[in-house]
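Here's coords.txt, which has compact mmCIF, C-alpha atoms and all ligand atoms:
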```txt
# COMPACT_ATOMS: atom_id res chain seq x y z
CA MET A 1 65.40 150.26 12.06
CA ILE A 2 63.72 150.33 15.48
CA HIS A 3 60.66 148.12 15.50
CA ILE A 4 57.76 149.82 17.25
CA LYS A 5 54.69 147.79 18.11
CA ASP A 6 51.03 148.20 17.24
CA ILE A 7 49.55 148.86 20.70
CA LEU A 8 45.89 148.67 19.60
CA SER A 9 46.39 145.03 18.59
CA LEU A 10 47.36 143.97 22.11
CA GLU A 11 44.91 142.24 24.42
CA LEU A 12 44.98 143.55 28.00
CA ARG A 13 47.10 140.65 29.26
CA GLU A 14 49.62 141.20 26.46
CA LEU A 15 49.79 144.89 27.31
CA GLU A 16 50.40 143.92 30.95
CA ASP A 17 53.29 141.69 29.89
CA ALA A 18 54.71 144.40 27.63
CA LEU A 19 54.56 147.07 30.33
CA THR A 20 55.96 144.89 33.13
CA ALA A 21 58.82 144.00 30.74
CA LEU A 22 59.50 147.75 30.57
CA GLY A 23 59.68 147.85 34.39
CA GLU A 24 56.19 149.31 34.91
CA LYS A 25 53.53 148.21 37.40
CA LYS A 26 50.80 145.97 36.01
CA PHE A 27 47.93 148.41 36.77
CA ARG A 28 49.42 150.90 34.29
CA ALA A 29 48.42 148.54 31.51
CA LEU A 30 44.79 148.79 32.56
CA GLN A 31 44.99 152.59 32.52
CA VAL A 32 46.56 152.61 29.07
CA PHE A 33 44.04 150.03 27.78
CA GLU A 34 41.15 152.20 28.97
CA TRP A 35 42.61 155.27 27.26
CA LEU A 36 42.93 153.33 24.02
CA HIS A 37 39.72 151.34 23.93
CA LYS A 38 37.26 153.16 26.19
CA LYS A 39 38.23 156.80 25.69
CA ARG A 40 39.80 156.01 22.33
CA VAL A 41 42.55 158.61 22.36
CA THR A 42 44.76 158.89 19.31
CA SER A 43 48.00 159.99 21.02
CA PHE A 44 49.92 159.05 24.16
CA ASP A 45 49.96 162.73 25.20
CA GLU A 46 46.24 162.58 25.94
CA MET A 47 46.79 159.94 28.66
CA THR A 48 46.75 162.52 31.43
CA ASN A 49 46.90 160.19 34.45
CA ILE A 50 50.21 158.77 33.18
CA SER A 51 53.55 160.49 33.78
CA SER A 52 55.18 162.25 30.86
CA VAL A 53 58.20 159.95 31.29
CA LEU A 54 56.06 156.88 30.73
CA ARG A 55 54.17 158.57 27.89
CA ASP A 56 57.49 159.21 26.14
CA LYS A 57 58.52 155.63 26.77
CA LEU A 58 55.24 154.35 25.32
CA GLY A 59 55.72 156.61 22.30
CA SER A 60 59.14 155.15 21.60
CA GLU A 61 57.97 151.52 21.97
CA PHE A 62 54.51 151.62 20.40
CA PHE A 63 52.35 153.41 17.86
CA ILE A 64 48.59 154.05 17.93
CA GLY A 65 47.22 153.16 14.50
CA ARG A 66 44.72 155.25 12.54
CA LEU A 67 42.59 154.70 9.46
CA LYS A 68 42.28 157.53 7.01
CA PRO A 69 38.71 158.05 5.78
CA VAL A 70 39.05 158.76 2.07
CA ARG A 71 35.43 158.50 1.00
CA GLN A 72 32.06 158.39 2.64
CA LEU A 73 28.86 157.56 0.82
CA CYS A 74 25.45 158.19 2.35
CA SER A 75 22.50 156.34 0.92
CA LEU A 76 19.55 158.48 -0.15
CA VAL A 77 17.08 155.62 0.27
CA ASP A 78 17.92 154.63 3.86
CA PRO A 79 20.38 155.68 6.63
CA THR A 80 23.17 153.36 5.42
CA LYS A 81 26.64 154.90 5.27
CA LYS A 82 29.63 153.38 3.60
CA PHE A 83 33.21 154.30 4.41
CA LEU A 84 36.33 153.72 2.37
CA PHE A 85 39.39 153.76 4.63
CA GLU A 86 43.04 153.95 3.68
CA LEU A 87 45.44 151.81 5.69
CA SER A 88 48.94 152.96 6.62
CA ASP A 89 50.42 150.99 3.69
CA GLY A 90 48.09 152.68 1.17
CA ASN A 91 45.66 149.75 0.80
CA HIS A 92 41.93 150.38 1.05
CA ILE A 93 39.10 148.66 2.89
CA GLU A 94 35.34 149.21 3.22
CA THR A 95 33.09 149.44 6.24
CA VAL A 96 29.30 149.78 6.15
CA LEU A 97 27.14 151.31 8.88
CA MET A 98 23.53 150.10 8.78
CA SER A 99 20.54 151.23 10.80
CA TYR A 100 18.03 148.71 12.15
CA GLU A 101 15.14 149.06 14.62
CA HIS A 102 17.38 147.74 17.41
CA GLY A 103 20.26 150.13 16.64
CA TYR A 104 23.27 150.47 14.40
CA SER A 105 25.13 147.51 12.99
CA LEU A 106 28.60 147.74 11.45
CA CYS A 107 29.86 145.48 8.69
CA VAL A 108 33.66 145.26 8.93
CA SER A 109 36.35 143.94 6.60
CA THR A 110 38.91 141.42 7.80
CA GLN A 111 41.31 141.27 4.85
CA VAL A 112 42.44 143.41 1.92
CA GLY A 113 40.95 141.42 -0.95
CA CYS A 114 40.12 137.74 -0.63
CA LYS A 115 41.61 134.40 -1.73
CA MET A 116 38.36 132.45 -1.80
CA GLY A 117 37.33 133.18 -5.39
CA CYS A 118 33.51 133.09 -5.00
CA ARG A 119 32.23 133.81 -8.50
CA PHE A 120 29.59 136.39 -7.54
CA CYS A 121 31.71 138.41 -5.10
CA ALA A 122 33.45 141.69 -5.95
CA SER A 123 35.96 141.33 -3.08
CA THR A 124 37.82 138.51 -4.69
CA ILE A 125 38.20 139.79 -8.25
CA ALA A 126 41.45 141.70 -7.79
CA GLY A 127 42.83 138.89 -5.63
CA PHE A 128 44.25 138.93 -2.13
CA LYS A 129 46.70 141.49 -0.73
CA ARG A 130 46.96 140.81 3.00
CA SER A 131 45.12 140.10 6.23
CA LEU A 132 44.16 142.93 8.56
CA GLU A 133 45.73 143.36 11.98
CA PRO A 134 43.37 143.23 15.00
CA SER A 135 43.81 147.02 15.34
CA GLU A 136 42.74 147.60 11.73
CA ILE A 137 39.51 145.69 12.33
CA LEU A 138 38.85 147.54 15.61
CA LEU A 139 39.63 150.93 14.10
CA GLN A 140 36.82 150.48 11.57
CA LEU A 141 34.47 150.59 14.57
CA TYR A 142 36.26 153.45 16.29
CA GLU A 143 36.40 155.61 13.13
CA ALA A 144 32.82 154.80 12.04
CA GLU A 145 31.49 155.78 15.49
CA ARG A 146 33.64 158.90 15.56
CA ILE A 147 32.65 160.08 12.07
CA SER A 148 28.95 159.26 12.35
CA GLY A 149 28.51 160.22 16.01
CA GLU A 150 26.43 157.04 16.41
CA LYS A 151 26.90 154.13 18.81
CA VAL A 152 27.18 150.76 17.12
CA SER A 153 25.34 147.97 18.92
CA SER A 154 26.25 145.00 16.76
CA ILE A 155 29.00 143.94 14.39
CA VAL A 156 28.94 141.64 11.39
CA LEU A 157 32.19 140.25 10.01
CA MET A 158 30.85 140.26 6.48
CA GLY A 159 32.92 142.89 4.72
CA ILE A 160 35.91 142.24 2.47
CA GLY A 161 37.82 139.05 3.20
CA GLU A 162 37.31 135.66 4.77
CA PRO A 163 37.42 136.08 8.57
CA LEU A 164 38.36 132.45 9.24
CA ASP A 165 41.33 132.83 6.86
CA ASN A 166 42.61 135.48 9.31
CA PHE A 167 41.71 133.44 12.36
CA ASP A 168 44.22 134.58 14.98
CA ASN A 169 43.78 138.29 14.30
CA VAL A 170 40.00 137.99 14.21
CA ILE A 171 40.04 136.17 17.57
CA LYS A 172 42.23 138.89 19.07
CA PHE A 173 39.89 141.52 17.67
CA LEU A 174 36.95 139.75 19.33
CA ARG A 175 38.75 139.51 22.68
CA ILE A 176 39.65 143.21 22.66
CA LEU A 177 36.15 144.22 21.48
CA SER A 178 34.46 142.29 24.28
CA ASP A 179 36.90 143.30 27.06
CA CYS A 180 34.91 144.98 29.85
CA ASN A 181 37.70 147.56 30.19
CA GLY A 182 37.25 148.62 26.58
CA THR A 183 34.25 148.63 24.24
CA ASN A 184 32.69 145.80 26.26
CA MET A 185 30.53 144.51 23.41
CA SER A 186 28.86 141.19 24.11
CA LEU A 187 29.92 138.67 21.47
CA ARG A 188 26.26 137.69 21.24
CA HIS A 189 25.99 140.88 19.22
CA VAL A 190 28.58 139.72 16.72
CA SER A 191 28.03 137.59 13.60
CA LEU A 192 30.86 135.99 11.71
CA SER A 193 30.24 135.03 8.10
CA THR A 194 32.34 132.36 6.43
CA CYS A 195 32.43 130.56 3.12
CA GLY A 196 33.10 127.46 5.23
CA LEU A 197 36.70 126.79 6.31
CA VAL A 198 35.78 123.63 8.14
CA GLU A 199 38.78 123.20 10.49
CA ARG A 200 38.42 126.77 11.69
CA ILE A 201 34.68 126.29 12.37
CA TYR A 202 35.67 123.53 14.84
CA ASP A 203 38.28 125.83 16.38
CA LEU A 204 35.73 128.60 16.75
CA ALA A 205 33.22 126.23 18.35
CA LYS A 206 35.82 125.25 20.98
CA LEU A 207 36.24 128.90 21.98
CA ASP A 208 32.50 129.09 22.70
CA PHE A 209 32.38 132.86 22.24
CA GLY A 210 28.60 132.83 21.78
CA LEU A 211 28.77 134.62 18.47
CA THR A 212 26.44 133.83 15.59
CA LEU A 213 27.98 131.79 12.83
CA SER A 214 26.74 132.66 9.34
CA ILE A 215 27.52 130.17 6.63
CA SER A 216 27.61 131.38 3.04
CA LEU A 217 25.96 128.35 1.50
CA HIS A 218 24.51 129.63 -1.80
CA ALA A 219 24.03 126.18 -3.37
CA VAL A 220 22.87 122.78 -2.19
CA THR A 221 24.75 120.33 -4.41
CA ASP A 222 28.53 119.93 -4.46
CA LYS A 223 28.50 120.36 -8.22
CA LYS A 224 26.79 123.75 -8.16
CA ARG A 225 28.49 124.98 -4.99
CA SER A 226 31.94 124.09 -6.33
CA GLU A 227 31.13 126.01 -9.50
CA LEU A 228 30.12 129.12 -7.56
CA MET A 229 32.52 128.75 -4.62
CA PRO A 230 35.88 127.07 -5.27
CA VAL A 231 36.34 126.50 -1.51
CA ASN A 232 33.73 123.77 -1.80
CA LYS A 233 36.13 121.61 -3.81
CA LYS A 234 38.25 121.30 -0.69
CA TYR A 235 35.60 120.58 1.93
CA GLY A 236 32.29 119.66 0.30
CA ILE A 237 28.82 120.26 1.68
CA ASP A 238 28.70 117.14 3.92
CA ARG A 239 31.80 118.11 5.86
CA LEU A 240 30.56 121.69 6.12
CA MET A 241 27.17 120.66 7.50
CA THR A 242 28.78 118.28 9.99
CA ALA A 243 30.92 121.16 11.25
CA CYS A 244 27.78 123.31 11.56
CA ARG A 245 26.04 120.64 13.63
CA ASP A 246 29.11 120.45 15.85
CA TYR A 247 29.07 124.25 16.23
CA PHE A 248 25.47 124.12 17.41
CA ALA A 249 26.17 121.17 19.73
CA GLN A 250 29.12 122.99 21.34
CA THR A 251 27.65 126.47 21.61
CA GLY A 252 23.86 126.12 21.54
CA ARG A 253 23.76 128.93 18.96
CA ARG A 254 21.53 128.47 15.95
CA ILE A 255 23.31 128.76 12.61
CA SER A 256 22.45 131.31 10.00
CA PHE A 257 22.77 130.30 6.34
CA GLU A 258 23.25 132.92 3.66
CA TYR A 259 21.78 132.08 0.28
CA ALA A 260 22.40 134.57 -2.55
CA LEU A 261 19.68 133.81 -5.02
CA ILE A 262 20.85 133.84 -8.64
CA ASP A 263 18.42 133.48 -11.54
CA GLY A 264 18.79 130.16 -13.28
CA GLU A 265 21.57 128.96 -10.95
CA ASN A 266 20.13 128.03 -7.57
CA ASP A 267 16.47 129.09 -7.55
CA THR A 268 14.37 126.00 -8.31
CA LEU A 269 12.00 123.96 -6.14
CA GLU A 270 14.63 121.21 -6.23
CA ASP A 271 17.12 123.66 -4.70
CA ALA A 272 14.62 124.61 -2.01
CA LYS A 273 14.03 120.94 -1.20
CA GLY A 274 17.78 120.29 -1.09
CA LEU A 275 18.23 123.23 1.28
CA ALA A 276 15.40 122.05 3.52
CA GLY A 277 17.07 118.62 3.67
CA LEU A 278 20.46 120.07 4.59
CA VAL A 279 19.21 122.14 7.52
CA SER A 280 16.62 119.68 8.82
CA GLY A 281 16.97 118.79 12.48
CA MET A 282 19.21 121.78 13.16
CA PRO A 283 18.07 125.13 14.58
CA ALA A 284 18.83 127.25 11.57
CA HIS A 285 17.80 130.41 9.85
CA VAL A 286 18.12 130.93 6.11
CA ASN A 287 18.74 134.44 4.86
CA ILE A 288 17.91 134.86 1.19
CA ILE A 289 19.71 137.69 -0.58
CA PRO A 290 18.84 138.64 -4.16
CA VAL A 291 22.34 138.53 -5.64
CA ASN A 292 23.86 142.00 -5.92
CA LYS A 293 24.85 142.77 -9.44
CA ILE A 294 28.55 143.33 -9.89
CA LYS A 295 29.72 144.71 -13.17
CA GLU A 296 32.23 141.93 -13.88
CA ARG A 297 29.57 139.17 -13.79
CA GLU A 298 26.30 138.36 -15.50
CA PHE A 299 24.44 137.12 -12.41
CA THR A 300 21.02 138.64 -11.74
CA SER A 301 18.12 138.23 -9.37
CA ASN A 302 15.34 140.34 -7.91
CA ARG A 303 13.32 140.67 -4.74
CA ARG A 304 10.31 138.97 -6.32
CA SER A 305 12.20 135.76 -7.04
CA ALA A 306 13.79 135.93 -3.59
CA HIS A 307 10.33 136.12 -1.98
CA ARG A 308 9.09 133.27 -4.16
CA PHE A 309 12.04 131.09 -3.11
CA CYS A 310 11.51 132.10 0.51
CA GLU A 311 7.87 130.98 0.34
CA MET A 312 8.98 127.62 -1.09
CA LEU A 313 11.34 127.18 1.85
CA LYS A 314 8.73 128.16 4.40
CA GLY A 315 6.35 125.69 2.80
CA LEU A 316 9.00 123.04 3.48
CA GLY A 317 9.21 124.03 7.15
CA VAL A 318 12.40 126.08 6.92
CA ASN A 319 12.83 129.24 8.97
CA ALA A 320 13.67 131.68 6.18
CA THR A 321 13.56 135.42 5.45
CA VAL A 322 14.58 137.69 2.61
CA ARG A 323 17.32 140.02 3.75
CA ARG A 324 16.46 143.71 3.66
CA THR A 325 18.36 145.52 0.96
CA LEU A 326 20.23 148.44 2.48
CA GLY A 327 22.26 151.05 0.69
CA SER A 328 21.52 149.62 -2.76
CA ASP A 329 22.18 153.03 -4.32
CA ILE A 330 25.70 153.20 -2.85
CA ASP A 331 26.88 149.73 -3.80
CA ALA A 332 26.90 148.68 -0.16
CA ALA A 333 27.73 145.08 -1.09
CA CYS A 334 31.10 143.54 -0.41
CA GLY A 335 34.10 145.03 -2.09
CA GLN A 336 32.28 147.14 -4.66
CA LEU A 337 33.51 150.56 -3.55
CA ARG A 338 37.13 149.50 -3.14
CA ARG A 339 37.05 148.02 -6.65
CA GLU A 340 35.86 151.28 -8.10
CA TYR A 341 38.34 153.40 -6.17
CA GLU A 342 41.36 151.30 -7.08
CA ILE A 343 40.61 150.99 -10.78
N1 LIG B 1 34.11 135.62 3.25
C1 LIG B 1 32.98 135.65 4.11
C2 LIG B 1 32.47 137.03 4.48
C3 LIG B 1 32.45 138.08 3.41
S1 LIG B 1 31.21 138.01 2.18
C4 LIG B 1 31.89 134.79 3.54
O1 LIG B 1 32.06 134.21 2.48
O2 LIG B 1 30.86 134.62 4.20
C5 LIG B 1 29.72 138.40 3.02
C6 LIG B 1 28.49 137.78 2.39
O3 LIG B 1 28.12 138.43 1.16
C7 LIG B 1 28.70 136.32 2.03
O4 LIG B 1 27.54 135.59 2.33
C8 LIG B 1 28.90 136.40 0.54
O5 LIG B 1 28.72 135.16 -0.05
C9 LIG B 1 27.90 137.46 0.16
N2 LIG B 1 28.09 138.06 -1.14
C10 LIG B 1 29.23 138.38 -1.76
N3 LIG B 1 28.99 138.93 -2.97
C11 LIG B 1 27.65 138.97 -3.11
C12 LIG B 1 26.79 139.42 -4.13
N4 LIG B 1 27.24 139.92 -5.28
N5 LIG B 1 25.45 139.31 -3.92
C13 LIG B 1 24.97 138.80 -2.76
N6 LIG B 1 25.75 138.35 -1.76
C14 LIG B 1 27.07 138.43 -1.93
```

Do you think you could lay out the structure here as structure tokens?
Amino acid sequence: MIHIKDILSLELRELEDALTALGEKKFRALQVFEWLHKKRVTSFDEMTNISSVLRDKLGSEFFIGRLKPVRQLCSLVDPTKKFLFELSDGNHIETVLMSYEHGYSLCVSTQVGCKMGCRFCASTIAGFKRSLEPSEILLQLYEAERISGEKVSSIVLMGIGEPLDNFDNVIKFLRILSDCNGTNMSLRHVSLSTCGLVERIYDLAKLDFGLTLSISLHAVTDKKRSELMPVNKKYGIDRLMTACRDYFAQTGRRISFEYALIDGENDTLEDAKGLAGLVSGMPAHVNIIPVNKIKEREFTSNRRSAHRFCEMLKGLGVNATVRRTLGSDIDAACGQLRREYEI
């Protein structure tokens, strides 16, 4: 079988190497890159400033990936839209388009399923299938913008999967996304959410991309966090917080902490005090999310308890807010739509 390559996953310099290896001039790579990532064509035939000979050659060496939209849900309570996309191997992923005062934000998936096993998360229940290619992460943006006709101004890596468990492909995605010859999105408009893979947080800090790191904390003692998030058994809260301090020291970016409030699990004054202690002395923002109900679990919470917990934190000097609930009527939380579609 002839192996043809996924051209949308190549950074510009890789495309340059690939095309010079085929005997082409380097500047052709820039032209092709612009067709793919600026004009976002879906076939080589549309690349009209490139000879038909080279277009045929490109077509025999590479493919341009697509995502098939199989479902689209529009919220009736706010402008949130949720897309279910089918990948070329028949797997499904979710992407959520959210509207804020400053523009549209897109929540993208980075893996099919997840290995991390967080107890409250729908993405992990059916287990892990595979990591997404850089092109499959990018195409969520390209398809969402194409279908909705809207321009996305920020991206959150908070959909299905653990982005730091797909480190190399996520980094490639970020490099292609921010390339000035393509989408040219500043990485200051990107947030990456992680359950806390400590080694990879150090690696990310070294790259100094300027993106916002969001840590899914959700509990303040190792006992409770390990119960809710098995990943904590490997690293523990101390190591995680040390990595966060290093991230701030290296990048100057304040850290965002996600805290899904669950009745009777992590919602006491003691928890608030523990959280205040953990983030003290570090520029941090705590985002409180009333836990989204998923049908496989008993966890509950509501906006009133989230606001109460938020007030406790503020009283302790912590910069905290309750996250707006968007798309609650269309199950816009992680992994819920894919679960329903695949069952
Ligand atoms: N794996 C990454 C990113 C995907 S999850 C991470 O753990 O951060 C995105 C965010 O949604 C995380 O903060 C996650 O903990 C949270 N989340 C998952 N299920 C949830 C639920 N049922 N209610 C509230 N937040 C949830």

- Item | Point-to-point distance from CA of Val286 in chain A to CA of Phe257 in chain A, Å rounded to tenths |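 Taking CA of Val286 in chain A as the start and CA of Phe257 in chain A as the end point, the length is 4.7 Å.
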
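Here CA of Ser131 in chain A and CA of Asp165 in chain A stand 8.2 Å from one another.
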
- Item | Two-atom distance - atom C1 of ligand LIG 1 (chain B), CA of Ile147 in chain A (Å) | 25.7 Å

- Close residues, Asp267 in chain A itself excluded, 12 Å, all atoms listed in the file, min 2 positions apart in chain, as number ranges by chain: A: 218-220, 224, 259-265, 269-275, 288-291, 300-302, 304-313

Quick one: axis-aligned box around all listed atoms of ligand LIG 1 (chain B), 5 Å on every side, centre and edge lengths in Å to one decimal, written as JSON.
```
{"center_x": 29.5, "center_y": 137.1, "center_z": -0.4, "size_x": 19.1, "size_y": 15.7, "size_z": 19.8}
```

- Task: Write out as a VMD selection string each polymer residue whose atoms come within 12 Å of Glu136 in chain A, counting only C-alpha atoms; drop sequence neighbours fewer than 6 positions from it.
- Result: chain A and resid 6 to 10 64 to 68 85 to 89 91 to 95 108 to 112 130 142 to 143 169 to 170 172 to 173
